[in-house]
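**Student:** What follows is query16.txt, made up of compact mmCIF, C-alpha atoms and all ligand atoms:
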# COMPACT_ATOMS: atom_id res chain seq x y z
CA MET A 1 0.00 0.00 0.00
CA PRO A 2 1.60 3.28 -1.06
CA TYR A 3 1.99 5.48 1.99
CA SER A 4 3.50 8.97 2.43
CA GLU A 5 5.85 9.37 5.39
CA GLU A 6 5.75 13.13 4.87
CA PHE A 7 1.97 13.39 5.23
CA GLY A 8 1.36 10.28 7.36
CA ASP A 9 -1.41 8.97 5.10
CA PHE A 10 -2.16 6.35 2.41
CA TYR A 11 -2.53 7.34 -1.24
CA TYR A 12 -5.95 5.71 -1.53
CA SER A 13 -8.43 3.49 0.28
CA ARG A 14 -6.73 0.47 1.83
CA ALA A 15 -9.83 -1.59 1.00
CA ASP A 16 -9.98 -0.95 -2.78
CA GLY A 17 -8.50 2.19 -4.30
CA ARG A 18 -9.94 1.51 -7.71
CA ALA A 19 -13.52 1.01 -6.54
CA GLU A 20 -13.13 4.15 -4.44
CA CYS A 21 -12.01 6.08 -7.52
CA ARG A 22 -15.06 4.94 -9.50
CA HIS A 23 -17.48 5.70 -6.70
CA VAL A 24 -16.07 8.98 -5.46
CA PHE A 25 -14.40 10.72 -8.38
CA LEU A 26 -16.10 9.31 -11.47
CA ALA A 27 -19.68 8.78 -10.27
CA GLY A 28 -19.36 11.84 -7.99
CA ASN A 29 -18.80 13.96 -11.13
CA GLY A 30 -21.51 12.23 -13.20
CA LEU A 31 -18.92 10.28 -15.22
CA PRO A 32 -18.61 8.47 -17.54
CA GLN A 33 -22.01 9.78 -18.84
CA ARG A 34 -20.82 13.42 -19.09
CA PHE A 35 -17.89 12.47 -21.35
CA ALA A 36 -20.34 12.78 -24.26
CA ASP A 37 -21.37 16.35 -23.35
CA LYS A 38 -18.36 18.38 -24.39
CA GLN A 39 -15.16 18.02 -26.45
CA PRO A 40 -12.59 18.22 -25.13
CA PHE A 41 -13.84 17.26 -21.70
CA VAL A 42 -11.40 18.71 -19.15
CA ILE A 43 -10.66 17.11 -15.79
CA GLY A 44 -8.63 18.78 -13.04
CA GLU A 45 -7.19 16.78 -10.17
CA LEU A 46 -5.53 17.91 -6.97
CA GLY A 47 -2.94 15.22 -6.17
CA PHE A 48 -1.68 12.93 -9.00
CA GLY A 49 -0.04 10.49 -6.57
CA THR A 50 0.32 7.04 -8.15
CA GLY A 51 -1.74 7.95 -11.24
CA LEU A 52 -4.45 5.42 -10.31
CA ASN A 53 -7.30 7.93 -10.73
CA PHE A 54 -5.90 8.91 -14.11
CA ILE A 55 -5.62 5.32 -15.34
CA GLU A 56 -9.07 4.38 -14.10
CA THR A 57 -10.52 7.48 -15.78
CA TRP A 58 -8.71 6.58 -19.00
CA SER A 59 -10.26 3.05 -18.86
CA MET A 60 -13.76 4.37 -18.30
CA TRP A 61 -13.36 7.01 -20.99
CA GLU A 62 -12.12 4.42 -23.49
CA GLU A 63 -15.11 2.22 -22.71
CA ALA A 64 -17.83 4.84 -22.61
CA ALA A 65 -16.92 8.03 -24.50
CA PRO A 66 -18.18 8.63 -28.05
CA GLU A 67 -15.86 8.06 -31.02
CA SER A 68 -15.08 11.74 -31.55
CA ALA A 69 -14.35 12.36 -27.86
CA ARG A 70 -11.26 14.07 -26.50
CA LEU A 71 -10.13 14.17 -22.91
CA GLU A 72 -7.66 16.56 -21.24
CA PHE A 73 -6.53 15.52 -17.78
CA HIS A 74 -4.68 18.13 -15.71
CA SER A 75 -3.32 17.06 -12.35
CA PHE A 76 -1.43 19.06 -9.73
CA GLU A 77 1.31 17.39 -7.69
CA LEU A 78 3.89 18.69 -5.22
CA ARG A 79 5.87 15.48 -4.65
CA PRO A 80 5.89 13.39 -7.83
CA LEU A 81 6.62 9.71 -7.25
CA ARG A 82 9.70 8.08 -8.69
CA ARG A 83 8.93 5.92 -11.71
CA ASP A 84 9.70 2.65 -9.90
CA ASP A 85 7.41 3.53 -6.99
CA MET A 86 4.61 4.38 -9.40
CA ARG A 87 5.09 1.08 -11.26
CA ARG A 88 5.08 -0.87 -8.00
CA ALA A 89 1.90 0.83 -6.73
CA LEU A 90 0.00 0.28 -9.99
CA SER A 91 1.09 -3.37 -10.27
CA ALA A 92 -1.69 -4.18 -7.79
CA TRP A 93 -4.09 -4.03 -10.80
CA PRO A 94 -2.86 -6.50 -13.43
CA ASP A 95 -5.78 -5.80 -15.78
CA LEU A 96 -4.56 -2.20 -16.04
CA ASP A 97 -1.08 -3.38 -17.04
CA GLY A 98 -1.23 -2.08 -20.63
CA LYS A 99 -2.12 1.44 -19.50
CA THR A 100 0.29 1.30 -16.56
CA ALA A 101 3.12 0.43 -18.95
CA GLN A 102 2.28 3.41 -21.19
CA LEU A 103 2.05 5.84 -18.25
CA VAL A 104 5.23 4.56 -16.65
CA SER A 105 7.18 4.80 -19.89
CA ALA A 106 6.08 8.44 -20.29
CA TRP A 107 7.02 9.19 -16.67
CA PRO A 108 10.59 10.40 -15.96
CA GLU A 109 12.59 8.36 -13.49
CA GLN A 110 12.39 11.26 -11.04
CA PRO A 111 10.27 14.12 -12.45
CA GLU A 112 11.68 17.58 -11.91
CA GLY A 113 9.33 19.61 -14.06
CA ASP A 114 5.88 19.21 -15.57
CA VAL A 115 5.07 15.88 -17.19
CA ARG A 116 3.04 15.93 -20.40
CA ALA A 117 2.00 12.96 -22.48
CA GLU A 118 -0.55 11.91 -25.07
CA PHE A 119 -2.10 8.47 -25.25
CA ALA A 120 -4.14 6.86 -27.99
CA ALA A 121 -7.32 5.06 -27.11
CA GLY A 122 -9.33 3.46 -29.92
CA GLY A 123 -8.55 6.20 -32.45
CA ARG A 124 -9.12 8.94 -29.90
CA THR A 125 -6.59 11.06 -28.06
CA LEU A 126 -6.24 11.63 -24.40
CA SER A 127 -3.77 14.14 -23.01
CA LEU A 128 -2.18 14.27 -19.59
CA HIS A 129 -0.47 17.29 -18.03
CA VAL A 130 0.87 16.91 -14.51
CA HIS A 131 1.73 20.37 -13.16
CA ILE A 132 4.54 19.91 -10.66
CA GLY A 133 4.72 22.23 -7.66
CA SER A 134 2.43 23.58 -4.98
CA ALA A 135 -1.19 23.22 -6.09
CA LEU A 136 -2.02 26.78 -5.06
CA GLU A 137 0.64 28.30 -7.28
CA ARG A 138 0.18 25.91 -10.17
CA VAL A 139 -3.64 25.97 -10.31
CA ARG A 140 -3.47 29.76 -10.20
CA ALA A 141 -1.04 29.77 -13.13
CA ALA A 142 -2.89 27.12 -15.16
CA GLY A 143 -4.96 28.40 -18.06
CA ILE A 144 -7.63 25.75 -17.71
CA SER A 145 -11.35 25.65 -17.26
CA ALA A 146 -12.20 22.22 -15.88
CA ASP A 147 -15.53 20.47 -16.36
CA ALA A 148 -14.89 18.18 -13.40
CA TRP A 149 -12.51 18.29 -10.43
CA TYR A 150 -11.18 15.39 -8.41
CA LEU A 151 -10.19 16.83 -5.00
CA ASP A 152 -7.80 14.16 -3.76
CA GLY A 153 -5.31 15.63 -1.31
CA PHE A 154 -4.33 13.57 1.71
CA ALA A 155 -6.69 13.68 4.71
CA PRO A 156 -7.58 17.34 5.41
CA SER A 157 -6.19 17.15 8.97
CA ARG A 158 -2.79 16.03 7.61
CA ASN A 159 -2.68 18.06 4.41
CA PRO A 160 -4.63 21.31 5.10
CA ASP A 161 -2.95 23.20 2.23
CA MET A 162 -4.82 21.02 -0.27
CA TRP A 163 -8.20 22.05 1.17
CA SER A 164 -7.65 25.73 1.99
CA GLU A 165 -10.22 28.40 1.20
CA GLU A 166 -7.64 30.09 -1.01
CA LEU A 167 -6.92 26.96 -3.08
CA LEU A 168 -10.58 25.95 -3.41
CA GLY A 169 -11.39 29.53 -4.46
CA THR A 170 -8.75 29.24 -7.15
CA VAL A 171 -10.19 25.87 -8.21
CA ALA A 172 -13.59 27.56 -8.59
CA ASP A 173 -11.98 30.25 -10.78
CA ARG A 174 -10.65 27.43 -13.01
CA THR A 175 -14.02 25.67 -13.33
CA ALA A 176 -16.20 25.82 -16.44
CA GLU A 177 -19.89 26.79 -16.37
CA GLY A 178 -21.76 23.75 -15.14
CA GLY A 179 -18.52 22.29 -13.75
CA THR A 180 -18.56 19.83 -10.87
CA PHE A 181 -16.29 18.52 -8.12
CA ALA A 182 -16.12 15.38 -6.01
CA THR A 183 -14.09 14.37 -2.99
CA TYR A 184 -13.99 11.53 -0.47
CA SER A 185 -13.93 14.12 2.35
CA ALA A 186 -17.00 15.31 4.21
CA ALA A 187 -15.07 17.40 6.77
CA GLY A 188 -17.15 20.40 7.85
CA TRP A 189 -14.45 23.01 7.19
CA VAL A 190 -13.70 21.60 3.74
CA ARG A 191 -17.40 21.82 2.84
CA ARG A 192 -17.52 25.39 4.14
CA ASN A 193 -14.45 26.35 2.07
CA LEU A 194 -16.09 24.84 -1.01
CA GLN A 195 -19.30 26.78 -0.33
CA ALA A 196 -17.34 30.01 0.19
CA ALA A 197 -15.72 29.38 -3.21
CA GLY A 198 -19.17 29.26 -4.84
CA PHE A 199 -19.84 25.51 -5.02
CA VAL A 200 -23.16 23.96 -4.08
CA VAL A 201 -22.07 21.09 -1.84
CA GLU A 202 -24.02 17.87 -1.35
CA LYS A 203 -23.31 15.13 1.14
CA ARG A 204 -23.48 11.71 -0.51
CA PRO A 205 -22.88 8.15 0.73
CA GLY A 206 -19.14 7.48 0.94
CA HIS A 207 -17.19 4.47 -0.26
CA GLY A 208 -16.54 1.43 1.92
CA SER A 209 -16.25 2.30 5.57
CA LYS A 210 -16.58 6.05 4.92
CA ARG A 211 -20.11 7.14 5.75
CA ASP A 212 -20.15 10.35 3.70
CA MET A 213 -18.38 12.06 0.80
CA SER A 214 -19.00 15.42 -0.87
CA ALA A 215 -19.85 16.36 -4.43
CA GLY A 216 -21.44 19.34 -6.12
CA TYR A 217 -21.33 21.99 -8.81
CA LEU A 218 -20.28 25.58 -9.27
CA ALA A 219 -23.22 27.87 -8.64
CA SER A 220 -21.70 31.31 -8.87
CA ARG A 221 -18.38 32.90 -9.43
CA VAL A 222 -16.66 34.37 -6.39
CA LEU A 223 -13.28 35.90 -7.20
CA SER A 224 -10.58 34.53 -4.91
CA PRO A 225 -8.01 36.92 -3.42
CA GLY A 226 -4.95 37.35 -5.63
C1 LIG B 1 -4.24 11.06 -1.69
S1 LIG B 1 -2.81 11.35 -2.67
C2 LIG B 1 -3.44 11.38 -4.33
C3 LIG B 1 -3.76 10.01 -4.87
C4 LIG B 1 -3.87 10.00 -6.38
N1 LIG B 1 -4.98 10.76 -6.90
C5 LIG B 1 -3.81 8.62 -6.99
O1 LIG B 1 -4.63 8.33 -7.91
O2 LIG B 1 -2.93 7.85 -6.60
C6 LIG B 1 -2.52 13.10 -2.40
C7 LIG B 1 -1.44 13.70 -3.27
O3 LIG B 1 -1.41 15.12 -3.03
C8 LIG B 1 -0.07 15.56 -3.12
N2 LIG B 1 0.05 16.87 -2.42
C9 LIG B 1 0.05 17.11 -1.09
N3 LIG B 1 0.12 18.44 -0.84
C10 LIG B 1 0.18 19.06 -2.04
C11 LIG B 1 0.26 20.43 -2.45
N4 LIG B 1 0.29 21.43 -1.58
N5 LIG B 1 0.27 20.69 -3.78
C12 LIG B 1 0.19 19.67 -4.71
N6 LIG B 1 0.13 18.37 -4.37
C13 LIG B 1 0.12 18.05 -3.06
C14 LIG B 1 0.71 14.44 -2.46
O4 LIG B 1 2.08 14.46 -2.81
C15 LIG B 1 -0.04 13.20 -2.97
O5 LIG B 1 0.54 12.70 -4.13
How does the structure come out when it is put into structure tokens?
**Tutor:**
Amino acid sequence: MPYSEEFGDFYYSRADGRAECRHVFLAGNGLPQRFADKQPFVIGELGFGTGLNFIETWSMWEEAAPESARLEFHSFELRPLRRDDMRRALSAWPDLDGKTAQLVSAWPEQPEGDVRAEFAAGGRTLSLHVHIGSALERVRAAGISADAWYLDGFAPSRNPDMWSEELLGTVADRTAEGGTFATYSAAGWVRRNLQAAGFVVEKRPGHGSKRDMSAGYLASRVLSPG
């Protein structure tokens, strides 16, 4: 199980990280159904980690998106994993091996700057851009307008920077009309920060042993400071 000594937390659910990804991040954002709505469909993610959410999204997109679909996946990561650690973490899912091999071969041994790659999926193209650095700085600098956000920092109590009012306000500024977010967290202060940023926040049943999660959509634009 990939674990961060720095943050004292696991990268994903110890029970089943892949099922958690489908339940929380994909279903929480109305995916894969919404892949048909807009081309390109743009996903933003806070915390690339092992790349599991990306690979699972790629699989679902390949299965369910229309033939002319395009997907842009932007993820924000402060401490990129070394290639070998990523390969080891993803080896837990042998049926994802083909995609894991493509991601790992595009991933530098020890990334120092942004990682960009394009992958082919049944005649369609999927692009990945991992913005390396502090999420606050890099989301602010990113010229994106995401249709769906995966908010996947470590537990809010251990990684408060990833859930701050300032960062979530910046996320709202980088969200398209009708854009949505989903997160495994239902912490009260995280929900309040999301509301302050302009998101309508709903509590939904969580995955596995987690009673609740949060998901919602951008209701109004509130300009964040700076
Ligand atoms: C729960 S893990 C993400 C798991 C990931 N989505 C996956 O599919 O494996 C949280 C990630 O957030 C990153 N992180 C923590 N603080 C950050 C910050 N301030 N800016 C950007 N990334 C940060 C960590 O390095 C870690 O990779």
**Student:** Return as a PyMOL selection string every polymer residue, whether protein, DNA or RNA, with at least one atom no more than 8 Å from an atom of ligand LIG 1 (chain B); count all atoms listed in the file.
**Tutor:** chain A and resi 4+7+9-12+21+45-54+76-81+132-136+150+152-155+159+161-162
**Student:** Can you spit out the residues from that selection as a tab-separated table (two decimals), in the coordinates of the input, using C-alpha atoms?
**Tutor:**
chain	number	residue	atom	x	y	z
A	4	SER	CA	3.50	8.97	2.43
A	7	PHE	CA	1.97	13.39	5.23
A	9	ASP	CA	-1.41	8.97	5.10
A	10	PHE	CA	-2.16	6.35	2.41
A	11	TYR	CA	-2.53	7.34	-1.24
A	12	TYR	CA	-5.95	5.71	-1.53
A	21	CYS	CA	-12.01	6.08	-7.52
A	45	GLU	CA	-7.19	16.78	-10.17
A	46	LEU	CA	-5.53	17.91	-6.97
A	47	GLY	CA	-2.94	15.22	-6.17
A	48	PHE	CA	-1.68	12.93	-9.00
A	49	GLY	CA	-0.04	10.49	-6.57
A	50	THR	CA	0.32	7.04	-8.15
A	51	GLY	CA	-1.74	7.95	-11.24
A	52	LEU	CA	-4.45	5.42	-10.31
A	53	ASN	CA	-7.30	7.93	-10.73
A	54	PHE	CA	-5.90	8.91	-14.11
A	76	PHE	CA	-1.43	19.06	-9.73
A	77	GLU	CA	1.31	17.39	-7.69
A	78	LEU	CA	3.89	18.69	-5.22
A	79	ARG	CA	5.87	15.48	-4.65
A	80	PRO	CA	5.89	13.39	-7.83
A	81	LEU	CA	6.62	9.71	-7.25
A	132	ILE	CA	4.54	19.91	-10.66
A	133	GLY	CA	4.72	22.23	-7.66
A	134	SER	CA	2.43	23.58	-4.98
A	135	ALA	CA	-1.19	23.22	-6.09
A	136	LEU	CA	-2.02	26.78	-5.06
A	150	TYR	CA	-11.18	15.39	-8.41
A	152	ASP	CA	-7.80	14.16	-3.76
A	153	GLY	CA	-5.31	15.63	-1.31
A	154	PHE	CA	-4.33	13.57	1.71
A	155	ALA	CA	-6.69	13.68	4.71
A	159	ASN	CA	-2.68	18.06	4.41
A	161	ASP	CA	-2.95	23.20	2.23
A	162	MET	CA	-4.82	21.02	-0.27
**Student:** Please determine, counting only C-alpha atoms, which residue among A:Val200, A:Ile43, A:Ala36, A:Ile144 has the shortest atom-to-atom distance to Ala64 in chain A.
**Tutor:**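 Going through A:Val200, A:Ile43, A:Ala36, A:Ile144 one by one, the smallest distance to Ala64 in chain A is for A:Ala36.
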**Student:** Just the number, please: distance in Å from CA of His207 in chain A to CA of Phe41 in chain A, one decimal.
**Tutor:**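 That distance, rounded to one decimal, is 25.2 Å.
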**Student:** Report the distance between CA of Ala117 in chain A and CA of Arg34 in chain A in Å, rounded to one decimal place.
**Tutor:**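 Taking CA of Ala117 in chain A and CA of Arg34 in chain A, their separation equals 23.1 Å.
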**Student:** So that I can check the surroundings of Glu67 in chain A, please list as a list in words every protein, DNA and RNA residue that reaches within 12 Å of it, counting all atoms listed in the file and ignoring chain neighbours fewer than 4 positions away.
**Tutor:**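 Close residues of Glu67 in chain A: Phe35, Ala36, Gln39, Trp61, Glu62, Glu63, Leu71, Ala121, Gly122, Gly123, Arg124 and Thr125 of chain A.
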**Student:** Mind giving me the straight-line distance from CA of Asn193 in chain A to CA of Gly169 in chain A in Å, one decimal?
**Tutor:** 7.9 Å
**Student:** Tell me which of A:Ala172, A:Ala182, A:Leu26, A:Ala187 sits closest to Arg211 in chain A, counting only C-alpha atoms.
**Tutor:**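 Looking at the shortest contact to Arg211 in chain A, the residue is A:Ala187.
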**Student:** Ranking A:Lys38, A:Glu109, A:Ala215, A:Trp189 by minimum distance to Val201 in chain A and counting only C-alpha atoms, which one comes first?
**Tutor:**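 Answer, going by the shortest atom-to-atom distance: A:Ala215.
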**Student:** Which of these residues is nearest to Arg138 in chain A, using all atoms listed in the file: A:Arg174, A:Arg14, A:Arg191, A:Arg116?
**Tutor:**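 Checking each of A:Arg174, A:Arg14, A:Arg191, A:Arg116 against Arg138 in chain A, counting all atoms listed in the file, the winner is A:Arg174.
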**Student:** With only C-alpha atoms as the atoms that count, which of A:Glu165, A:Glu56, A:Glu112, A:Glu20 lies nearest to Val190 in chain A?
**Tutor:** A:Glu165
**Student:** Please, which residues are within 8 Å of (-13.2, 29.5, -3.7) by the file's coordinates, counting all atoms listed in the file, and could they come as number ranges by chain?
**Tutor:** A: 165-173, 193-199, 222-224
**Student:** Go ahead and save the residues from that selection, with C-alpha atoms, as a CSV table (one decimal), keeping the file's coordinate frame.
**Tutor:**
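To be explicit, this is the file written out as out_14.csv:
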chain,number,residue,atom,x,y,z
A,165,GLU,CA,-10.2,28.4,1.2
A,166,GLU,CA,-7.6,30.1,-1.0
A,167,LEU,CA,-6.9,27.0,-3.1
A,168,LEU,CA,-10.6,26.0,-3.4
A,169,GLY,CA,-11.4,29.5,-4.5
A,170,THR,CA,-8.8,29.2,-7.2
A,171,VAL,CA,-10.2,25.9,-8.2
A,172,ALA,CA,-13.6,27.6,-8.6
A,173,ASP,CA,-12.0,30.2,-10.8
A,193,ASN,CA,-14.4,26.4,2.1
A,194,LEU,CA,-16.1,24.8,-1.0
A,195,GLN,CA,-19.3,26.8,-0.3
A,196,ALA,CA,-17.3,30.0,0.2
A,197,ALA,CA,-15.7,29.4,-3.2
A,198,GLY,CA,-19.2,29.3,-4.8
A,199,PHE,CA,-19.8,25.5,-5.0
A,222,VAL,CA,-16.7,34.4,-6.4
A,223,LEU,CA,-13.3,35.9,-7.2
A,224,SER,CA,-10.6,34.5,-4.9
**Student:** Using all atoms listed in the file, which of A:Val115, A:Gly208, A:Pro160, A:Met60 sits nearest Gln33 in chain A?
**Tutor:** A:Met60
